[in-house]
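Shown below: final_14.pdb, with PDB, C-alpha atoms, pLDDT in the B column.
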ATOM      1  CA  MET B  18      79.804 101.568  99.074  1.00 46.00           C
ATOM      2  CA  LEU B  19      81.728 100.741 102.215  1.00 47.00           C
ATOM      3  CA  HIS B  20      81.931  97.253 103.728  1.00 51.00           C
ATOM      4  CA  PHE B  21      83.408  96.647 107.141  1.00 54.00           C
ATOM      5  CA  PHE B  22      84.432  93.107 108.051  1.00 54.00           C
ATOM      6  CA  ARG B  23      85.332  91.927 111.529  1.00 54.00           C
ATOM      7  CA  SER B  24      88.244  89.834 110.309  1.00 51.00           C
ATOM      8  CA  PRO B  25      90.072  89.239 107.038  1.00 50.00           C
ATOM      9  CA  PRO B  26      88.736  86.409 104.882  1.00 51.00           C
ATOM     10  CA  GLY B  27      90.171  82.998 105.695  1.00 55.00           C
ATOM     11  CA  TRP B  28      90.817  83.764 109.371  1.00 52.00           C
ATOM     12  CA  GLY B  29      88.085  81.402 110.501  1.00 53.00           C
ATOM     13  CA  ALA B  30      85.633  84.028 111.717  1.00 54.00           C
ATOM     14  CA  PRO B  31      82.580  84.631 109.553  1.00 52.00           C
ATOM     15  CA  ARG B  32      82.666  87.841 107.551  1.00 56.00           C
ATOM     16  CA  LYS B  33      80.118  90.305 108.817  1.00 60.00           C
ATOM     17  CA  ILE B  34      79.147  93.462 106.956  1.00 59.00           C
ATOM     18  CA  ILE B  35      78.641  96.249 109.456  1.00 63.00           C
ATOM     19  CA  ASN B  36      78.229  99.235 107.131  1.00 55.00           C
ATOM     20  CA  SER B  37      77.132  98.474 103.594  1.00 51.00           C
ATOM     21  CA  SER B  38      76.656 101.938 102.137  1.00 58.00           C
ATOM     22  CA  SER B  39      78.121 105.411 102.471  1.00 58.00           C
ATOM     23  CA  ALA B  40      74.501 106.607 102.674  1.00 61.00           C
ATOM     24  CA  SER B  41      73.841 104.240 105.579  1.00 62.00           C
ATOM     25  CA  ASP B  42      72.783 105.518 108.976  1.00 63.00           C
ATOM     26  CA  VAL B  43      75.710 103.593 110.467  1.00 66.00           C
ATOM     27  CA  LYS B  44      78.578 106.072 110.730  1.00 79.00           C
ATOM     28  CA  GLU B  45      80.244 104.641 113.834  1.00 85.00           C
ATOM     29  CA  VAL B  46      81.403 101.198 114.893  1.00 86.00           C
ATOM     30  CA  ILE B  47      82.411 100.186 118.413  1.00 88.00           C
ATOM     31  CA  LEU B  48      84.675  97.149 118.632  1.00 87.00           C
ATOM     32  CA  ASN B  49      85.779  95.194 121.657  1.00 85.00           C
ATOM     33  CA  HIS B  50      89.477  94.440 122.020  1.00 84.00           C
ATOM     34  CA  GLY B  51      89.092  91.020 120.379  1.00 82.00           C
ATOM     35  CA  GLN B  52      87.700  92.640 117.223  1.00 83.00           C
ATOM     36  CA  SER B  53      90.661  94.951 116.611  1.00 85.00           C
ATOM     37  CA  THR B  54      91.729  93.054 113.469  1.00 84.00           C
ATOM     38  CA  PHE B  55      89.482  93.721 110.486  1.00 85.00           C
ATOM     39  CA  ASN B  56      89.360  94.875 106.907  1.00 85.00           C
ATOM     40  CA  ILE B  57      87.413  97.559 105.112  1.00 87.00           C
ATOM     41  CA  ASN B  58      86.324  97.065 101.514  1.00 85.00           C
ATOM     42  CA  PHE B  59      85.000  99.987  99.486  1.00 85.00           C
ATOM     43  CA  SER B  60      83.834 100.579  95.941  1.00 81.00           C
ATOM     44  CA  SER B  61      82.756 103.292  93.569  1.00 80.00           C
ATOM     45  CA  LEU B  62      80.840 102.849  90.338  1.00 70.00           C
ATOM     46  CA  ASN B  63      82.107 103.948  86.939  1.00 66.00           C
ATOM     47  CA  PHE B  64      80.346 102.255  84.046  1.00 62.00           C
ATOM     48  CA  ILE B  65      82.416 103.964  81.343  1.00 65.00           C
ATOM     49  CA  ALA B  66      85.877 102.977  82.571  1.00 63.00           C
ATOM     50  CA  PRO B  67      85.661 100.880  85.762  1.00 62.00           C
ATOM     51  CA  SER B  68      89.405 100.137  85.797  1.00 67.00           C
ATOM     52  CA  SER B  69      90.190 103.859  85.904  1.00 74.00           C
ATOM     53  CA  ILE B  70      88.940 104.303  89.476  1.00 84.00           C
ATOM     54  CA  GLN B  71      91.720 105.206  91.917  1.00 89.00           C
ATOM     55  CA  TYR B  72      91.384 105.146  95.706  1.00 92.00           C
ATOM     56  CA  ALA B  73      93.153 106.799  98.616  1.00 94.00           C
ATOM     57  CA  TYR B  74      92.517 106.377 102.330  1.00 96.00           C
ATOM     58  CA  ARG B  75      93.753 107.426 105.721  1.00 96.00           C
ATOM     59  CA  MET B  76      92.962 106.342 109.245  1.00 96.00           C
ATOM     60  CA  LEU B  77      92.935 109.440 111.436  1.00 94.00           C
ATOM     61  CA  ASN B  78      94.776 108.869 114.729  1.00 92.00           C
ATOM     62  CA  MET B  79      97.170 106.624 112.737  1.00 91.00           C
ATOM     63  CA  ASP B  80      97.904 108.196 109.362  1.00 91.00           C
ATOM     64  CA  LYS B  81      98.748 111.836 108.804  1.00 91.00           C
ATOM     65  CA  ASP B  82      98.796 111.669 105.007  1.00 95.00           C
ATOM     66  CA  TRP B  83      96.574 110.028 102.420  1.00 95.00           C
ATOM     67  CA  ILE B  84      97.733 106.591 101.252  1.00 95.00           C
ATOM     68  CA  THR B  85      97.074 105.951  97.571  1.00 94.00           C
ATOM     69  CA  LEU B  86      95.958 102.452  96.670  1.00 93.00           C
ATOM     70  CA  GLY B  87      95.539 102.650  92.912  1.00 88.00           C
ATOM     71  CA  GLU B  88      92.713 100.320  91.856  1.00 87.00           C
ATOM     72  CA  ARG B  89      92.910  98.255  95.052  1.00 89.00           C
ATOM     73  CA  ASN B  90      89.764  98.705  97.148  1.00 88.00           C
ATOM     74  CA  ILE B  91      90.527  96.890 100.385  1.00 90.00           C
ATOM     75  CA  VAL B  92      92.518  97.837 103.478  1.00 93.00           C
ATOM     76  CA  TYR B  93      93.511  95.562 106.377  1.00 91.00           C
ATOM     77  CA  PHE B  94      94.058  96.650 109.957  1.00 91.00           C
ATOM     78  CA  THR B  95      95.716  94.353 112.475  1.00 89.00           C
ATOM     79  CA  GLU B  96      95.377  94.661 116.245  1.00 89.00           C
ATOM     80  CA  LEU B  97      94.567  98.351 116.472  1.00 92.00           C
ATOM     81  CA  HIS B  98      95.318  99.831 119.868  1.00 95.00           C
ATOM     82  CA  PRO B  99      92.348 100.922 121.974  1.00 96.00           C
ATOM     83  CA  GLY B 100      91.181 104.376 120.987  1.00 96.00           C
ATOM     84  CA  ASP B 101      89.133 106.400 118.550  1.00 97.00           C
ATOM     85  CA  TYR B 102      89.816 106.382 114.809  1.00 96.00           C
ATOM     86  CA  THR B 103      88.192 107.803 111.709  1.00 95.00           C
ATOM     87  CA  PHE B 104      88.574 105.892 108.454  1.00 93.00           C
ATOM     88  CA  GLU B 105      88.371 108.122 105.387  1.00 92.00           C
ATOM     89  CA  VAL B 106      88.342 107.091 101.735  1.00 91.00           C
ATOM     90  CA  LYS B 107      88.191 109.167  98.551  1.00 92.00           C
ATOM     91  CA  VAL B 108      88.081 108.432  94.834  1.00 90.00           C
ATOM     92  CA  ALA B 109      89.816 109.945  91.794  1.00 89.00           C
ATOM     93  CA  ASN B 110      87.875 110.403  88.569  1.00 76.00           C
ATOM     94  CA  LEU B 111      88.893 109.638  84.965  1.00 72.00           C
ATOM     95  CA  SER B 112      91.068 112.780  84.851  1.00 76.00           C
ATOM     96  CA  ASN B 113      92.863 111.630  88.006  1.00 78.00           C
ATOM     97  CA  ASN B 114      91.326 114.491  89.995  1.00 83.00           C
ATOM     98  CA  TRP B 115      90.463 113.646  93.580  1.00 87.00           C
ATOM     99  CA  GLY B 116      86.868 114.460  94.337  1.00 78.00           C
ATOM    100  CA  ALA B 117      85.740 116.527  97.286  1.00 83.00           C
ATOM    101  CA  ASN B 118      83.506 113.725  98.586  1.00 85.00           C
ATOM    102  CA  ILE B 119      85.092 111.799 101.435  1.00 89.00           C
ATOM    103  CA  THR B 120      83.349 108.835 103.032  1.00 87.00           C
ATOM    104  CA  ARG B 121      83.998 108.494 106.762  1.00 89.00           C
ATOM    105  CA  LEU B 122      83.506 105.756 109.313  1.00 89.00           C
ATOM    106  CA  HIS B 123      84.266 106.419 112.987  1.00 92.00           C
ATOM    107  CA  ILE B 124      85.753 103.415 114.762  1.00 92.00           C
ATOM    108  CA  THR B 125      86.247 102.963 118.494  1.00 94.00           C
ATOM    109  CA  VAL B 126      88.352 100.065 119.785  1.00 93.00           C
ATOM    110  CA  LEU B 127      87.651  99.390 123.455  1.00 93.00           C
ATOM    111  CA  PRO B 128      90.411  98.418 125.904  1.00 93.00           C
ATOM    112  CA  PRO B 129      90.631  94.776 127.047  1.00 87.00           C
ATOM    113  CA  TRP B 130      89.311  95.515 130.554  1.00 82.00           C
TER     114      TRP B 130
END
Starting from the file, give its structure as structure tokens.
Amino acid sequence: MLHFFRSPPGWGAPRKIINSSSASDVKEVILNHGQSTFNINFSSLNFIAPSSIQYAYRMLNMDKDWITLGERNIVYFTELHPGDYTFEVKVANLSNNWGANITRLHITVLPPW
């Protein structure tokens, strides 16, 4: 499950879910310049050992390598420059093996003019 919020909680703006599922038809988000600060929250289900889930992400056009997050399932982005990005997230299983499934969300930040 992938949640996309326009701004981090507590910043005054209401939280708005833009993409609520990796199976959703929404695979792309276009943001105006004033929406370039946001967070992405993601989750994976494991009923046997929920605390064993490990996450890694990267934002293509920003990050070359995967960034491991451990059990943390939220990432904040602040004032992204105008351009095209692809957010990718993957999950490790109980054996700490990273699965082949990668969830992607394409993000475009428009210039201020």
Report task. Mind checking which residues fall within 9 Å of Tyr102 (chain B), counting all atoms listed in the file, ignoring those fewer than 2 positions away in the same chain, and posting them as a VMD selection string? Result -> chain B and resid 76 to 79 100 104 122 to 126
Query raised in the report: Excluding same-chain residues fewer than 3 positions from Leu127 (chain B), what lies within 6 Å of it counting all atoms listed in the file, as a PyMOL selection string?
Result: chain B and resi 49-50+99
Report task. Apply the PyMOL selection byres ((chain B and resi 92) around 7) to the file shown and report the selected residues as a VMD selection string. Result -> chain B and resid 56 to 58 90 to 91 93 to 94
Query - Option closest in space to Asn110 (chain B), from B:Leu97, B:Leu86, B:Val46, B:Leu62 [counting all atoms listed in the file] - result: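 Comparing B:Leu97, B:Leu86, B:Val46, B:Leu62 against Asn110 (chain B), the winner is B:Leu62.
Relative to CA of Ile47 (chain B), CA of Thr85 (chain B) is found at 26.1 Å.
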Report task. Determine the nearest neighbour of Asp82 (chain B) from the options B:Ala117, B:Leu48, B:Leu111, B:Val106, counting only C-alpha atoms. Result -> B:Val106
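Nearest residue to Asp80 (chain B), choosing from B:Gly51, B:His98, B:Glu105, B:Ser60 and counting only C-alpha atoms: B:Glu105.
Across the model, the gap from CA of Ser69 (chain B) to CA of Lys81 (chain B) is 25.7 Å.
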Requested in this report: Measure the distance from CA of Gly87 (chain B) to CA of Arg75 (chain B) in Å and round it to one decimal.
Outcome: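 Between CA of Gly87 (chain B) and CA of Arg75 (chain B) the gap is 13.8 Å.
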Query raised in the report: For Phe59 (chain B), which residue out of B:Arg121, B:Glu96, B:Ser112, B:Pro128 is the nearest one, using all atoms listed in the file?
Result: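 Looking only at the distances to Phe59 (chain B), the closest residue turns out to be B:Arg121.
If you apply the PyMOL selection byres ((chain B and resi 119) around 6) to this structure, you end up with Val106, Lys107, Asn118 and Thr120 of chain B.
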